[in-house]
>>> print(open('my_file01.cif').read())   # mmCIF, C-alpha atoms
data_target
#
loop_
_atom_site.label_atom_id
_atom_site.label_comp_id
_atom_site.auth_asym_id
_atom_site.auth_seq_id
_atom_site.Cartn_x
_atom_site.Cartn_y
_atom_site.Cartn_z
CA MET Y 1 22.79 -21.12 33.14
CA ARG Y 2 19.90 -18.68 33.35
CA ASP Y 3 21.24 -16.74 30.34
CA ASN Y 4 21.41 -19.91 28.24
CA THR Y 5 17.82 -20.80 29.14
CA LEU Y 6 16.64 -17.27 28.36
CA LYS Y 7 18.15 -17.18 24.87
CA TYR Y 8 16.47 -20.47 23.97
CA LEU Y 9 13.14 -19.23 25.32
CA LEU Y 10 13.42 -16.05 23.23
CA VAL Y 11 14.11 -18.03 20.06
CA MET Y 12 11.42 -20.66 20.73
CA PRO Y 13 8.41 -18.67 19.33
CA ALA Y 14 10.20 -18.17 16.01
CA VAL Y 15 11.19 -21.85 15.89
CA VAL Y 16 7.58 -22.92 16.54
CA ILE Y 17 6.25 -20.61 13.81
CA VAL Y 18 8.82 -21.82 11.26
CA PHE Y 19 8.07 -25.45 12.13
CA ALA Y 20 4.30 -24.93 11.85
CA THR Y 21 4.37 -22.94 8.61
CA ALA Y 22 7.34 -24.47 6.75
CA ILE Y 23 8.85 -27.67 8.14
CA TRP Y 24 5.63 -29.49 9.07
CA PRO Y 25 3.97 -28.84 5.66
CA LEU Y 26 7.14 -30.14 3.97
CA ILE Y 27 7.03 -33.32 6.05
CA GLN Y 28 3.35 -33.79 5.30
CA SER Y 29 3.81 -33.22 1.56
CA PHE Y 30 6.59 -35.82 1.46
CA ARG Y 31 4.32 -38.28 3.29
CA TYR Y 32 1.53 -37.62 0.79
CA SER Y 33 3.93 -38.25 -2.09
CA LEU Y 34 4.31 -41.86 -0.93
CA PHE Y 35 0.56 -42.52 -1.24
CA GLN Y 36 -1.92 -42.51 -4.09
CA GLY Y 37 -3.50 -39.54 -2.33
CA ARG Y 38 -6.59 -38.80 -4.39
CA LEU Y 39 -8.79 -36.04 -3.01
CA THR Y 40 -11.81 -37.45 -4.84
CA ARG Y 41 -11.76 -40.67 -2.80
CA PRO Y 42 -12.64 -41.15 0.89
CA GLY Y 43 -10.00 -41.89 3.49
CA PHE Y 44 -7.28 -39.52 2.26
CA PRO Y 45 -4.47 -40.42 1.83
CA GLN Y 46 -5.10 -43.89 0.40
CA GLY Y 47 -2.85 -46.72 -0.72
CA TYR Y 48 0.81 -46.57 0.28
CA ILE Y 49 2.82 -47.02 -2.94
CA GLY Y 50 6.31 -45.91 -1.90
CA PHE Y 51 8.19 -44.04 -4.62
CA GLU Y 52 5.95 -45.11 -7.50
CA ASN Y 53 4.70 -41.54 -7.99
CA TYR Y 54 8.29 -40.41 -8.52
CA THR Y 55 9.16 -43.20 -10.96
CA TRP Y 56 5.90 -42.67 -12.87
CA ALA Y 57 6.61 -38.94 -13.29
CA VAL Y 58 10.19 -39.47 -14.45
CA SER Y 59 9.73 -42.54 -16.67
CA GLN Y 60 6.16 -42.56 -18.00
CA GLU Y 61 4.70 -39.05 -17.96
CA PRO Y 62 5.49 -36.87 -21.03
CA ALA Y 63 3.57 -33.93 -19.52
CA PHE Y 64 6.03 -33.85 -16.62
CA TRP Y 65 9.02 -33.58 -18.96
CA ASN Y 66 7.20 -30.95 -21.02
CA SER Y 67 6.83 -28.83 -17.88
CA VAL Y 68 10.50 -29.45 -17.02
CA ILE Y 69 11.59 -28.20 -20.46
CA VAL Y 70 9.25 -25.19 -20.30
CA THR Y 71 10.52 -24.29 -16.82
CA GLY Y 72 14.16 -24.74 -17.85
CA VAL Y 73 13.90 -22.57 -20.97
CA TYR Y 74 11.79 -20.02 -19.08
CA THR Y 75 14.40 -19.83 -16.30
CA LEU Y 76 17.34 -19.48 -18.69
CA LEU Y 77 15.68 -16.73 -20.72
CA THR Y 78 14.28 -14.73 -17.82
CA VAL Y 79 17.52 -14.89 -15.82
CA ALA Y 80 19.74 -13.97 -18.78
CA LEU Y 81 17.54 -11.13 -20.04
CA THR Y 82 16.78 -9.71 -16.61
CA VAL Y 83 20.40 -9.70 -15.44
CA LEU Y 84 21.75 -8.24 -18.70
CA LEU Y 85 19.12 -5.50 -18.94
CA SER Y 86 19.40 -4.70 -15.22
CA LEU Y 87 23.19 -4.44 -15.46
CA GLY Y 88 22.93 -2.11 -18.45
CA LEU Y 89 20.37 0.06 -16.67
CA ALA Y 90 22.48 0.12 -13.50
CA LEU Y 91 25.53 1.26 -15.46
CA LEU Y 92 23.49 4.11 -16.92
CA LEU Y 93 22.17 5.22 -13.52
CA VAL Y 94 25.38 4.93 -11.51
CA PRO Y 95 27.01 8.15 -12.78
CA GLY Y 96 24.39 9.99 -10.77
CA GLY Y 97 22.71 13.29 -11.35
CA ARG Y 98 20.13 15.17 -9.35
CA PHE Y 99 17.27 13.01 -10.65
CA ARG Y 100 18.90 9.69 -9.74
CA MET Y 101 16.93 9.19 -6.52
CA SER Y 102 13.67 10.03 -8.27
CA ILE Y 103 14.43 7.56 -11.06
CA GLN Y 104 15.32 4.83 -8.55
CA THR Y 105 12.07 5.46 -6.67
CA ILE Y 106 10.03 5.17 -9.88
CA LEU Y 107 12.06 2.11 -10.87
CA ILE Y 108 10.94 0.08 -7.87
CA LEU Y 109 7.22 0.52 -8.63
CA PRO Y 110 6.89 -2.46 -11.05
CA PHE Y 111 8.51 -4.75 -8.47
CA ALA Y 112 5.94 -3.60 -5.90
CA MET Y 113 3.19 -5.12 -8.06
CA SER Y 114 2.22 -8.70 -7.30
CA PRO Y 115 3.08 -11.28 -10.00
CA ALA Y 116 -0.62 -12.12 -10.34
CA LEU Y 117 -1.44 -8.48 -11.06
CA ILE Y 118 1.38 -8.31 -13.60
CA GLY Y 119 -0.05 -11.39 -15.30
CA VAL Y 120 -3.54 -9.90 -15.48
CA SER Y 121 -2.16 -6.58 -16.77
CA PHE Y 122 -0.15 -8.21 -19.56
CA ARG Y 123 -3.09 -10.42 -20.50
CA PHE Y 124 -5.22 -7.33 -21.11
CA MET Y 125 -2.41 -5.37 -22.78
CA PHE Y 126 -1.86 -8.19 -25.31
CA ASN Y 127 -5.57 -8.63 -26.04
CA PRO Y 128 -5.93 -8.53 -29.87
CA GLU Y 129 -9.15 -6.51 -29.74
CA PHE Y 130 -8.57 -3.74 -27.18
CA GLY Y 131 -5.06 -4.28 -25.87
CA LEU Y 132 -2.51 -1.50 -25.48
CA PHE Y 133 0.16 -3.33 -27.48
CA ASP Y 134 -2.25 -4.06 -30.31
CA ALA Y 135 -3.03 -0.34 -30.59
CA PHE Y 136 0.69 0.49 -30.38
CA PHE Y 137 1.62 -1.97 -33.12
CA GLY Y 138 -1.34 -0.80 -35.20
CA LEU Y 139 0.11 2.72 -35.25
CA LEU Y 140 3.83 1.95 -35.62
CA ILE Y 141 4.14 -1.61 -36.95
CA PRO Y 142 0.86 -2.49 -38.76
CA PRO Y 143 1.92 -6.08 -39.72
CA LEU Y 144 2.09 -6.93 -36.00
CA ALA Y 145 -1.41 -5.62 -35.29
CA ASP Y 146 -4.38 -7.92 -34.73
CA ILE Y 147 -2.12 -10.83 -33.73
CA SER Y 148 -3.54 -13.15 -31.11
CA TRP Y 149 -0.38 -13.26 -29.01
CA LEU Y 150 -1.67 -15.55 -26.30
CA SER Y 151 -3.11 -18.09 -28.75
CA ASP Y 152 0.23 -18.89 -30.36
CA PRO Y 153 2.52 -21.19 -28.31
CA ILE Y 154 5.77 -19.35 -29.08
CA LEU Y 155 4.30 -15.86 -28.75
CA ALA Y 156 2.49 -16.75 -25.51
CA PHE Y 157 5.75 -18.05 -24.08
CA ALA Y 158 7.51 -14.86 -25.18
CA VAL Y 159 4.85 -12.74 -23.45
CA CYS Y 160 5.32 -14.72 -20.21
CA VAL Y 161 9.08 -14.12 -20.38
CA MET Y 162 8.53 -10.44 -21.14
CA ALA Y 163 6.17 -9.99 -18.18
CA ASP Y 164 8.63 -11.67 -15.80
CA VAL Y 165 11.58 -9.63 -17.03
CA TRP Y 166 9.60 -6.38 -16.74
CA GLY Y 167 8.63 -7.18 -13.16
CA TRP Y 168 12.12 -8.11 -11.99
CA ILE Y 169 14.33 -5.54 -13.74
CA PRO Y 170 13.69 -2.77 -11.16
CA PHE Y 171 14.74 -4.81 -8.14
CA LEU Y 172 17.84 -6.31 -9.76
CA THR Y 173 18.83 -2.90 -11.10
CA LEU Y 174 18.79 -1.42 -7.60
CA VAL Y 175 20.82 -4.36 -6.26
CA LEU Y 176 23.42 -3.94 -9.01
CA ILE Y 177 23.54 -0.18 -8.45
CA GLY Y 178 24.51 -0.95 -4.86
CA GLY Y 179 27.17 -3.37 -6.10
CA LEU Y 180 28.58 -0.83 -8.56
CA ALA Y 181 28.70 1.81 -5.85
CA ALA Y 182 31.06 -0.46 -3.89
CA VAL Y 183 33.62 -0.59 -6.72
CA PRO Y 184 36.59 1.65 -5.67
CA SER Y 185 36.56 4.80 -7.77
CA GLU Y 186 40.33 5.21 -7.23
CA THR Y 187 41.02 1.99 -9.12
CA ILE Y 188 38.85 3.09 -12.04
CA GLU Y 189 40.48 6.53 -12.15
CA ALA Y 190 43.97 4.99 -12.07
CA ALA Y 191 43.08 2.72 -14.98
CA GLN Y 192 41.69 5.65 -16.95
CA VAL Y 193 44.87 7.63 -16.31
CA ASP Y 194 46.86 4.68 -17.69
CA GLY Y 195 44.83 4.93 -20.90
CA ALA Y 196 42.22 2.21 -20.37
CA GLY Y 197 39.01 2.70 -22.33
CA GLY Y 198 35.48 2.30 -21.04
CA TRP Y 199 35.17 -1.33 -22.13
CA GLN Y 200 38.57 -2.22 -20.65
CA VAL Y 201 37.63 -0.63 -17.32
CA PHE Y 202 34.36 -2.53 -17.25
CA ARG Y 203 35.94 -5.86 -18.27
CA ASP Y 204 39.05 -5.78 -16.09
CA ILE Y 205 37.91 -3.80 -13.03
CA THR Y 206 34.15 -3.33 -12.72
CA LEU Y 207 33.03 -6.83 -13.74
CA PRO Y 208 35.46 -8.76 -11.48
CA GLN Y 209 34.52 -6.53 -8.53
CA LEU Y 210 30.83 -7.03 -9.31
CA ALA Y 211 31.10 -10.82 -9.80
CA PRO Y 212 29.96 -11.80 -6.25
CA VAL Y 213 26.88 -9.57 -6.50
CA LEU Y 214 26.10 -10.89 -9.98
CA ALA Y 215 26.38 -14.47 -8.71
CA VAL Y 216 23.92 -13.75 -5.88
CA VAL Y 217 21.53 -12.01 -8.28
CA ILE Y 218 21.65 -14.87 -10.81
CA ILE Y 219 21.03 -17.56 -8.17
CA LEU Y 220 18.23 -15.59 -6.51
CA LYS Y 221 16.49 -14.92 -9.82
CA SER Y 222 16.90 -18.57 -10.84
CA ILE Y 223 15.14 -19.72 -7.67
CA PHE Y 224 12.17 -17.42 -8.28
CA SER Y 225 11.97 -18.33 -11.99
CA LEU Y 226 11.98 -22.07 -11.23
CA LYS Y 227 9.02 -21.76 -8.89
CA THR Y 228 7.01 -19.21 -10.85
CA PHE Y 229 3.27 -19.88 -10.82
CA ASP Y 230 0.86 -17.02 -10.19
CA GLN Y 231 2.04 -14.83 -13.05
CA VAL Y 232 1.80 -17.65 -15.61
CA TYR Y 233 -1.51 -18.81 -14.14
CA MET Y 234 -3.11 -15.37 -14.53
CA LEU Y 235 -1.53 -14.67 -17.93
CA THR Y 236 -1.97 -17.91 -19.90
CA ASN Y 237 -3.05 -20.61 -17.37
CA GLY Y 238 -0.36 -22.80 -18.90
CA GLY Y 239 -1.75 -22.50 -22.43
CA PRO Y 240 -2.20 -22.62 -25.25
CA GLY Y 241 -2.22 -26.35 -24.61
CA THR Y 242 0.80 -26.89 -22.36
CA ALA Y 243 3.12 -24.40 -24.10
CA THR Y 244 3.61 -22.29 -20.97
CA GLN Y 245 2.92 -24.91 -18.28
CA THR Y 246 5.71 -24.59 -15.73
CA LEU Y 247 6.41 -27.18 -13.05
CA SER Y 248 4.53 -25.19 -10.41
CA HIS Y 249 1.49 -24.95 -12.68
CA TYR Y 250 1.77 -28.68 -13.41
CA VAL Y 251 1.74 -29.40 -9.67
CA TYR Y 252 -1.34 -27.21 -9.23
CA PHE Y 253 -3.04 -28.74 -12.27
CA ASN Y 254 -2.64 -32.32 -11.01
CA GLY Y 255 -3.07 -31.66 -7.30
CA LEU Y 256 -6.01 -29.27 -7.11
CA LYS Y 257 -7.76 -29.63 -10.46
CA TYR Y 258 -7.58 -33.41 -10.84
CA GLY Y 259 -7.25 -34.23 -7.13
CA GLN Y 260 -4.06 -36.30 -7.55
CA LEU Y 261 -2.44 -34.81 -4.47
CA GLY Y 262 0.01 -37.68 -3.93
CA TYR Y 263 1.37 -37.41 -7.47
CA ALA Y 264 1.45 -33.61 -7.29
CA ALA Y 265 3.40 -33.77 -4.01
CA SER Y 266 5.99 -36.06 -5.60
CA VAL Y 267 6.46 -33.65 -8.54
CA ALA Y 268 6.80 -30.77 -6.07
CA TRP Y 269 9.56 -32.67 -4.27
CA LEU Y 270 11.32 -33.34 -7.58
CA MET Y 271 11.19 -29.57 -8.13
CA VAL Y 272 12.78 -29.06 -4.70
CA ILE Y 273 16.00 -30.83 -5.77
CA PRO Y 274 17.45 -27.99 -7.92
CA MET Y 275 16.12 -25.50 -5.35
CA ILE Y 276 18.24 -27.11 -2.63
CA PHE Y 277 21.44 -26.71 -4.64
CA LEU Y 278 20.62 -23.14 -5.62
CA THR Y 279 19.66 -22.20 -2.06
CA TYR Y 280 22.88 -23.73 -0.74
CA ALA Y 281 24.94 -21.79 -3.29
CA TYR Y 282 23.06 -18.59 -2.46
CA ALA Y 283 23.55 -19.00 1.30
CA LYS Y 284 27.23 -19.82 0.83
CA LEU Y 285 27.80 -16.70 -1.27
CA VAL Y 286 25.89 -14.45 1.11
CA PHE Y 287 27.70 -15.74 4.21
CA ARG Y 288 31.08 -15.52 2.50
CA LYS Y 289 30.37 -11.90 1.51
CA ALA Y 290 29.24 -11.09 5.06
CA GLN Y 291 32.51 -12.44 6.49
CA GLN Y 292 34.68 -10.35 4.19
#
>>> encode(input="my_file01.cif", output="structure tokens")
Amino acid sequence: MRDNTLKYLLVMPAVVIVFATAIWPLIQSFRYSLFQGRLTRPGFPQGYIGFENYTWAVSQEPAFWNSVIVTGVYTLLTVALTVLLSLGLALLLVPGGRFRMSIQTILILPFAMSPALIGVSFRFMFNPEFGLFDAFFGLLIPPLADISWLSDPILAFAVCVMADVWGWIPFLTLVLIGGLAAVPSETIEAAQVDGAGGWQVFRDITLPQLAPVLAVVIILKSIFSLKTFDQVYMLTNGGPGTATQTLSHYVYFNGLKYGQLGYAASVAWLMVIPMIFLTYAYAKLVFRKAQQ
């Protein structure tokens, strides 16, 4: 009996911290979403309106659907490009060599940078007057020089995708290197002895063995891409216009800039829906892998 009481007492501080920093804010944000909740008016939150904020966002707010489309395309592109490039880089680094550890150490440096810092860095590098890329294109590809990248909707979106991919490739590459290291070398050698080429070995042996790790990587990256904010905020602030306004930026824009906290909370909860499914899939894969 004493042992049972002790284990609950030991866990209690962590439970209290999680409740105070995660669960309680979630409860409060859901409560705010049921009110008008304007910060500019006294007596916050005001006017209980039920689920009208949700129905307004879904049925009568084009800006909401614009941010949904931007977030969806952004997530698809960043996940696909990051995973493919990381897998290719991991395949190049797996064979080894005496400089492998040094390369892996250097590789993690971009991931150590905060997304906000990456956004600021790319904003300056793509500056048409003194940016690094403008000077680079001026020397090697003159027609691409003096282009205002962040003033064009498509180019600004491409820069946001590029910045995200650059920041995430190092981490995913190291994860995939670990996954490739777990592939039995005996199986690969046996296939090579039987005459299988490099592509056949990758398709029939390496890729199936790596599938669980790839699934975890894809789900994890999707979660972070869906909720991206600080990098886009520092790089384009959702512009030009709303060309790069993700859902997280849309929540910030309505909640803190215009003071419509109730509406912003409802949009944030709509954003939680795909997160729940992705988090469930991620946890299921991780636990299944741990039990194997």
>>> resolve_selection(input="my_file01.cif", expression="the PyMOL selection byres ((chain Y and resi 145) around 9)", output="list in words")
Pro128, Phe133, Asp134, Ala135, Phe136, Phe137, Gly138, Leu139, Ile141, Pro142, Pro143, Leu144, Asp146, Ile147 and Ser148 of chain Y
>>> closest_residue(input="my_file01.cif", among="Y:Ala191, Y:Ala112, Y:Ala90, Y:Ile23", to="Asp204 in chain Y", atoms="only C-alpha atoms")
Y:Ala191
>>> atom_distance(input="my_file01.cif", atom1="CA of Thr21 in chain Y", atom2="CA of Ala264 in chain Y")
19.4 Å
>>> residues_around(input="my_file01.cif", residues="Ile218 in chain Y", least_positions_apart="4", cutoff="12 Å", atoms="all atoms listed in the file", output="short mmCIF file (atom, residue, chain, number, x, y, z; two decimals) with C-alpha atoms, in the frame of the given file")
data_model
loop_
_atom_site.label_atom_id
_atom_site.label_comp_id
_atom_site.auth_asym_id
_atom_site.auth_seq_id
_atom_site.Cartn_x
_atom_site.Cartn_y
_atom_site.Cartn_z
CA THR Y 75 14.40 -19.83 -16.30
CA LEU Y 76 17.34 -19.48 -18.69
CA LEU Y 77 15.68 -16.73 -20.72
CA THR Y 78 14.28 -14.73 -17.82
CA VAL Y 79 17.52 -14.89 -15.82
CA ALA Y 80 19.74 -13.97 -18.78
CA LEU Y 81 17.54 -11.13 -20.04
CA THR Y 82 16.78 -9.71 -16.61
CA VAL Y 83 20.40 -9.70 -15.44
CA LEU Y 84 21.75 -8.24 -18.70
CA SER Y 86 19.40 -4.70 -15.22
CA LEU Y 87 23.19 -4.44 -15.46
CA TRP Y 168 12.12 -8.11 -11.99
CA LEU Y 172 17.84 -6.31 -9.76
CA VAL Y 175 20.82 -4.36 -6.26
CA LEU Y 176 23.42 -3.94 -9.01
CA ALA Y 211 31.10 -10.82 -9.80
CA PRO Y 212 29.96 -11.80 -6.25
CA VAL Y 213 26.88 -9.57 -6.50
CA LEU Y 214 26.10 -10.89 -9.98
CA SER Y 222 16.90 -18.57 -10.84
CA ILE Y 223 15.14 -19.72 -7.67
CA PHE Y 224 12.17 -17.42 -8.28
CA SER Y 225 11.97 -18.33 -11.99
CA LEU Y 278 20.62 -23.14 -5.62
CA THR Y 279 19.66 -22.20 -2.06
CA ALA Y 281 24.94 -21.79 -3.29
CA TYR Y 282 23.06 -18.59 -2.46
CA LEU Y 285 27.80 -16.70 -1.27
#
>>> atom_distance(input="my_file01.cif", atom1="CA of Leu247 in chain Y", atom2="CA of Lys284 in chain Y")
26.1 Å
>>> closest_atom_pairs(input="my_file01.cif", of="range 43-112 of chain Y", to="range 149-155 of chain Y", cutoff="12 Å", atoms="all atoms listed in the file", output="tab-separated table")
residue	atom	partner	partner_atom	distance
Y:Val70	CA	Y:Ile154	CA	11.1
Y:Val73	CA	Y:Ile154	CA	11.9
Y:Tyr74	CA	Y:Ile154	CA	11.7
>>> write_last_selection(input="my_file01.cif", atoms="C-alpha atoms", output="PDB file, in the coordinates of the input")
ATOM      1  CA  VAL Y  70       9.250 -25.190 -20.300  1.00  0.00           C
ATOM      2  CA  VAL Y  73      13.900 -22.570 -20.970  1.00  0.00           C
ATOM      3  CA  TYR Y  74      11.790 -20.020 -19.080  1.00  0.00           C
TER       4      TYR Y  74
END
>>> residues_around(input="my_file01.cif", residues="range 195-202 of chain Y", least_positions_apart="4", cutoff="12 Å", atoms="all atoms listed in the file", output="short mmCIF file (atom, residue, chain, number, x, y, z; two decimals) with C-alpha atoms, in the coordinates of the input")
data_model
loop_
_atom_site.label_atom_id
_atom_site.label_comp_id
_atom_site.auth_asym_id
_atom_site.auth_seq_id
_atom_site.Cartn_x
_atom_site.Cartn_y
_atom_site.Cartn_z
CA LEU Y 87 23.19 -4.44 -15.46
CA GLY Y 88 22.93 -2.11 -18.45
CA LEU Y 91 25.53 1.26 -15.46
CA LEU Y 180 28.58 -0.83 -8.56
CA VAL Y 183 33.62 -0.59 -6.72
CA PRO Y 184 36.59 1.65 -5.67
CA SER Y 185 36.56 4.80 -7.77
CA GLU Y 186 40.33 5.21 -7.23
CA THR Y 187 41.02 1.99 -9.12
CA ILE Y 188 38.85 3.09 -12.04
CA GLU Y 189 40.48 6.53 -12.15
CA ALA Y 190 43.97 4.99 -12.07
CA ALA Y 191 43.08 2.72 -14.98
CA THR Y 206 34.15 -3.33 -12.72
CA LEU Y 207 33.03 -6.83 -13.74
CA PRO Y 208 35.46 -8.76 -11.48
CA GLN Y 209 34.52 -6.53 -8.53
CA LEU Y 210 30.83 -7.03 -9.31
CA ALA Y 211 31.10 -10.82 -9.80
#
>>> residues_around(input="my_file01.cif", residues="Tyr233 in chain Y", least_positions_apart="2", cutoff="9 Å", atoms="all atoms listed in the file", output="compact mmCIF listing (two decimals) with C-alpha atoms, in the coordinates of the input")
# COMPACT_ATOMS: atom_id res chain seq x y z
CA ALA Y 116 -0.62 -12.12 -10.34
CA GLY Y 119 -0.05 -11.39 -15.30
CA PHE Y 229 3.27 -19.88 -10.82
CA ASP Y 230 0.86 -17.02 -10.19
CA GLN Y 231 2.04 -14.83 -13.05
CA LEU Y 235 -1.53 -14.67 -17.93
CA THR Y 236 -1.97 -17.91 -19.90
CA ASN Y 237 -3.05 -20.61 -17.37
CA GLY Y 238 -0.36 -22.80 -18.90
CA GLN Y 245 2.92 -24.91 -18.28
CA HIS Y 249 1.49 -24.95 -12.68
>>> atom_distance(input="my_file01.cif", atom1="CA of Phe64 in chain Y", atom2="CA of Thr246 in chain Y")
9.3 Å
>>> closest_residue(input="my_file01.cif", among="Y:Tyr54, Y:Thr228, Y:Trp269, Y:Phe44", to="Val161 in chain Y", atoms="only C-alpha atoms")
Y:Thr228
>>> closest_residue(input="my_file01.cif", among="Y:Pro274, Y:Gly179, Y:Gly239, Y:Gly37", to="Leu261 in chain Y", atoms="all atoms listed in the file")
Y:Gly37
>>> closest_residue(input="my_file01.cif", among="Y:Leu39, Y:Val165, Y:Val94, Y:Met12", to="Ala182 in chain Y", atoms="only C-alpha atoms")
Y:Val94
>>> resolve_selection(input="my_file01.cif", expression="the PyMOL selection byres ((chain Y and resi 49) around 10)", output="list in words")
Ser33, Leu34, Phe35, Gln36, Gly37, Gln46, Gly47, Tyr48, Gly50, Phe51, Glu52, Asn53 and Gly262 of chain Y
>>> closest_residue(input="my_file01.cif", among="Y:Ile17, Y:Cys160, Y:Ser114, Y:Tyr32", to="Gly255 in chain Y", atoms="all atoms listed in the file")
Y:Tyr32
